[in-house]
Amino acid sequence: MNGNNDKNRPLAENAPREAPRETQWRPQDGAPSPKQLLDQSHSRFRKRKKEGVNPGIVIFILVLAAVIGVSVFVLATGRGGVSDDVLPETNTVAETEEVPQEICDYIETEPSAVHRGSLILVNHEVAYEFPEDGTGPEVASVYDNCNGLLKVASMSDSLDPVTLSRLVSFASDFEERTGDRCFMVNSAYRTYGDQVSIYRSYSETLGEEYARTYVANPGFSEHHTGMAADLAVVFDDGSSVPIEEYGNYNVMREMIPSYGFILRYPEDKIAVTKIGNEPWHFRYVGTPHASVIEKTGLCFEEYVGFLKNYTADGSALYLAPDGVLRSLPFADVSLVRDSTLIYFVPKANEGNTSVPVPKNATGYQISGNNTDGFIVTVTVGNPAETVTSVDEAVAQTAHDSVLTGEE
Ligand SMILES: [Zn+2]
């Protein structure tokens, strides 16, 4: 598979053109097109001929027509040798804009979908949008659905169904690898009311300062999404250890991105997340995003910004079968095999957003980012689930996306 084969590459804005752009005709205010010039010269010639005017003028007109004709020919061949009956009626930009329609289907996506999906960002600035009917997100009981692989702090603990099933898969594989069955879900989905109580109780017992550092304001907690879980380590004999002191914590950290989870509030990103170091708080974002976040060293806020560099009118982020994270011109997406493509589609100013999805996709997921657009994850064939390395250009873009945390 060669993603950079120019011969097979469909034309696009950044695809190389045969002719330098300045030789191409572009419509300007009131300026005639080459075809119009040609028609004018023909009709003028015919008209003059009929009137039987001075032969000198006829010769002059003929020469003029010949000069214009040659100019038109040069313009035409400059575009790659098209004949005058297919001279461009529109400019080349409009022509290239049509290209994605040939390689993509368009998914009509409602404005409210920007607040739904596994990649919504919820933080101190961006609230979770509860459904308008006053309910919360769809959640499932942890206790009832974990096959005994997880402990629960409360029988009412619940999580987004996909998040829960991935967490259970992780717990099962972790036990197989380490022999330990020790994770307890300490806190999972929280309603707005839950968050009000938690904030109040923390501030009453541990002080306002502590509450501000570790507890999000009601409405701004990631726990509202149902995709965040605070995990504790509690053994069957009832003994427990702070999770970061647990002997296999590193094994857990190494494994968990493959199941779509990130450590949401790392110590070195406090300035950005505005939440203290929380070695226990994990957020489901899906694969391969968790692995991309891990390998690029970005926190989730930074990742959401980083993805805006990859759009359908430019390049897509591309996880190749070899596990290397690269970017490739969006015009080449139809050439990839066994890969994942990730790109951002800005939300339309009004009405639905037409989200392009390559026709060769074998699966796709459109998630809102909770503010201004959609993150599209396209799988083709059997892609790598994790990133082994990041190429230089992508690493540089990621580096440029690092936030200082200043406001
Ligand atoms: Zn938490």
# chains A, B, ... in the order shown; residues from 1 in each chain; ligands from 1
call {"tool": "residues_around", "arguments": {"residues": "stretch 193-202 of chain A", "least_positions_apart": "6", "cutoff": "12 Å", "atoms": "only C-alpha atoms", "output": "ChimeraX atom specification"}}
result
/A:134-136,156-157,187,208-224
call {"tool": "write_last_selection", "arguments": {"atoms": "N, CA and C atoms", "output": "compact mmCIF listing (two decimals), in the first residue's frame"}}
result
# COMPACT_ATOMS: atom_id res chain seq x y z
N GLY A 134 -34.53 16.50 30.62
CA GLY A 134 -34.20 16.48 32.04
C GLY A 134 -33.57 15.18 32.51
N THR A 135 -33.47 14.21 31.62
CA THR A 135 -32.81 12.96 31.99
C THR A 135 -31.30 13.14 31.86
N GLY A 136 -30.57 12.10 32.18
CA GLY A 136 -29.13 12.12 31.95
C GLY A 136 -28.81 11.30 30.72
N SER A 156 -25.68 1.76 43.18
CA SER A 156 -26.30 2.60 42.15
C SER A 156 -25.29 3.12 41.13
N ASP A 157 -24.00 2.78 41.31
CA ASP A 157 -23.00 3.26 40.34
C ASP A 157 -23.33 2.79 38.94
N SER A 187 -16.43 6.12 41.89
CA SER A 187 -17.40 7.13 41.49
C SER A 187 -17.56 7.02 39.98
N GLU A 208 -13.07 24.72 51.37
CA GLU A 208 -13.41 25.27 50.06
C GLU A 208 -12.25 25.10 49.06
N GLU A 209 -11.03 25.32 49.55
CA GLU A 209 -9.83 25.23 48.72
C GLU A 209 -9.70 23.83 48.10
N TYR A 210 -9.86 22.82 48.93
CA TYR A 210 -9.76 21.44 48.46
C TYR A 210 -10.87 21.14 47.44
N ALA A 211 -12.07 21.56 47.75
CA ALA A 211 -13.21 21.33 46.85
C ALA A 211 -12.95 21.98 45.50
N ARG A 212 -12.44 23.22 45.51
CA ARG A 212 -12.16 23.92 44.25
C ARG A 212 -11.13 23.18 43.41
N THR A 213 -10.13 22.57 44.10
CA THR A 213 -9.04 21.90 43.38
C THR A 213 -9.46 20.56 42.79
N TYR A 214 -10.27 19.83 43.50
CA TYR A 214 -10.57 18.46 43.07
C TYR A 214 -12.00 18.22 42.61
N VAL A 215 -12.89 19.12 42.92
CA VAL A 215 -14.30 18.87 42.57
C VAL A 215 -14.77 19.93 41.58
N ALA A 216 -15.24 19.47 40.45
CA ALA A 216 -15.75 20.40 39.43
C ALA A 216 -17.06 21.00 39.89
N ASN A 217 -17.33 22.22 39.41
CA ASN A 217 -18.62 22.84 39.69
C ASN A 217 -19.73 22.01 39.06
N PRO A 218 -20.89 21.97 39.70
CA PRO A 218 -22.02 21.23 39.12
C PRO A 218 -22.26 21.68 37.66
N GLY A 219 -22.45 20.69 36.79
CA GLY A 219 -22.63 20.98 35.36
C GLY A 219 -21.32 20.86 34.59
N PHE A 220 -20.20 21.04 35.28
CA PHE A 220 -18.89 21.04 34.62
C PHE A 220 -18.06 19.80 34.95
N SER A 221 -18.70 18.79 35.55
CA SER A 221 -17.96 17.58 35.89
C SER A 221 -18.00 16.58 34.75
N GLU A 222 -16.87 15.97 34.47
CA GLU A 222 -16.82 14.95 33.44
C GLU A 222 -17.66 13.73 33.84
N HIS A 223 -17.89 13.57 35.14
CA HIS A 223 -18.71 12.44 35.60
C HIS A 223 -20.15 12.53 35.08
N HIS A 224 -20.60 13.73 34.67
CA HIS A 224 -21.94 13.84 34.10
C HIS A 224 -22.07 13.06 32.79
call {"tool": "residues_around", "arguments": {"residues": "stretch 258-271 of chain A", "least_positions_apart": "2", "cutoff": "10 Å", "atoms": "only C-alpha atoms", "output": "JSON, numbers by chain"}}
result
{"A": [118, 163, 165, 166, 167, 168, 169, 170, 213, 222, 227, 228, 229, 253, 254, 255, 256, 273, 274, 275, 276, 277, 278, 279, 280, 281, 282, 283, 284, 285, 286, 287, 288, 289, 290, 291, 292, 293, 294, 297, 298, 299, 300, 301, 302, 385, 386, 387, 402, 403, 404, 405, 406, 407]}
call {"tool": "residues_around", "arguments": {"residues": "stretch 243-245 of chain A", "least_positions_apart": "2", "cutoff": "9 Å", "atoms": "only C-alpha atoms", "output": "list in words"}}
result
Leu231, Ala232, Val233, Ser240, Val241, Gly247, Asn248, Tyr249, Asn250, Pro279 and Trp280 of chain A
call {"tool": "atom_distance", "arguments": {"atom1": "atom CA of A:Lys295", "atom2": "atom CA of A:Ser389"}}
result
7.0 Å
call {"tool": "closest_residue", "arguments": {"among": "A:Cys182, A:Val234, A:Ser239, A:Glu125", "to": "A:Val272", "atoms": "only C-alpha atoms"}}
result
A:Glu125
call {"tool": "closest_residue", "arguments": {"among": "A:Val162, A:Leu341, A:Ala188, A:Val304", "to": "ligand 1", "atoms": "only C-alpha atoms and all ligand atoms"}}
result
A:Ala188
call {"tool": "residues_around", "arguments": {"residues": "stretch 363-377 of chain A", "least_positions_apart": "2", "cutoff": "7 Å", "atoms": "only C-alpha atoms", "output": "PyMOL selection string"}}
result
chain A and resi 113-121+340-347+361+379-380
call {"tool": "closest_residue", "arguments": {"among": "A:Gly207, A:Gly226, A:Pro137, A:Pro111", "to": "ligand 1", "atoms": "only C-alpha atoms and all ligand atoms"}}
result
A:Gly226
call {"tool": "atom_distance", "arguments": {"atom1": "atom CA of A:Phe174", "atom2": "atom CA of A:Ala384"}}
result
20.3 Å
call {"tool": "select_by_dssp", "arguments": {"residues": "stretch 97-269 of chain A", "states": "strand (DSSP E or B)", "output": "PyMOL selection string"}}
result
chain A and resi 104-109+140-141+151-152+158-159+183-187+228-234+240-241+261-263
call {"tool": "residues_around", "arguments": {"residues": "A:Val355", "least_positions_apart": "5", "cutoff": "8 Å", "atoms": "only C-alpha atoms", "output": "JSON, numbers by chain"}}
result
{"A": [106, 107, 108, 109, 345]}
call {"tool": "residues_around", "arguments": {"residues": "A:Asn360", "least_positions_apart": "2", "cutoff": "8 Å", "atoms": "only C-alpha atoms", "output": "PyMOL selection string"}}
result
chain A and resi 103+334+358+362+380
call {"tool": "write_last_selection", "arguments": {"atoms": "C-alpha atoms", "output": "mmCIF file, in the first residue's frame"}}
result
data_model
loop_
_atom_site.group_PDB
_atom_site.id
_atom_site.type_symbol
_atom_site.label_atom_id
_atom_site.label_comp_id
_atom_site.auth_asym_id
_atom_site.auth_seq_id
_atom_site.Cartn_x
_atom_site.Cartn_y
_atom_site.Cartn_z
ATOM 1 C CA ILE A 103 -14.567 9.955 -2.600
ATOM 2 C CA SER A 334 -9.508 6.492 -0.707
ATOM 3 C CA PRO A 358 -14.822 8.332 2.728
ATOM 4 C CA THR A 362 -15.671 -0.018 6.753
ATOM 5 C CA VAL A 380 -10.782 0.933 6.872
#
call {"tool": "closest_residue", "arguments": {"among": "A:Ala331, A:Val185, A:Ala171, A:Thr178", "to": "ligand 1", "atoms": "only C-alpha atoms and all ligand atoms"}}
result
A:Val185
call {"tool": "closest_residue", "arguments": {"among": "A:Asp144, A:Gly351, A:Asp230, A:Asp180", "to": "ligand 1", "atoms": "only C-alpha atoms and all ligand atoms"}}
result
A:Asp230
call {"tool": "closest_residue", "arguments": {"among": "A:Cys104, A:Glu204, A:Pro329, A:Ser354", "to": "A:Val378", "atoms": "only C-alpha atoms"}}
result
A:Cys104
call {"tool": "select_by_dssp", "arguments": {"residues": "stretch 118-275 of chain A", "states": "helix (DSSP H, G or I)", "output": "number ranges by chain"}}
result
A: 142-145, 161-178, 192-205, 208-214, 222-225, 243-245, 249-259, 267-273
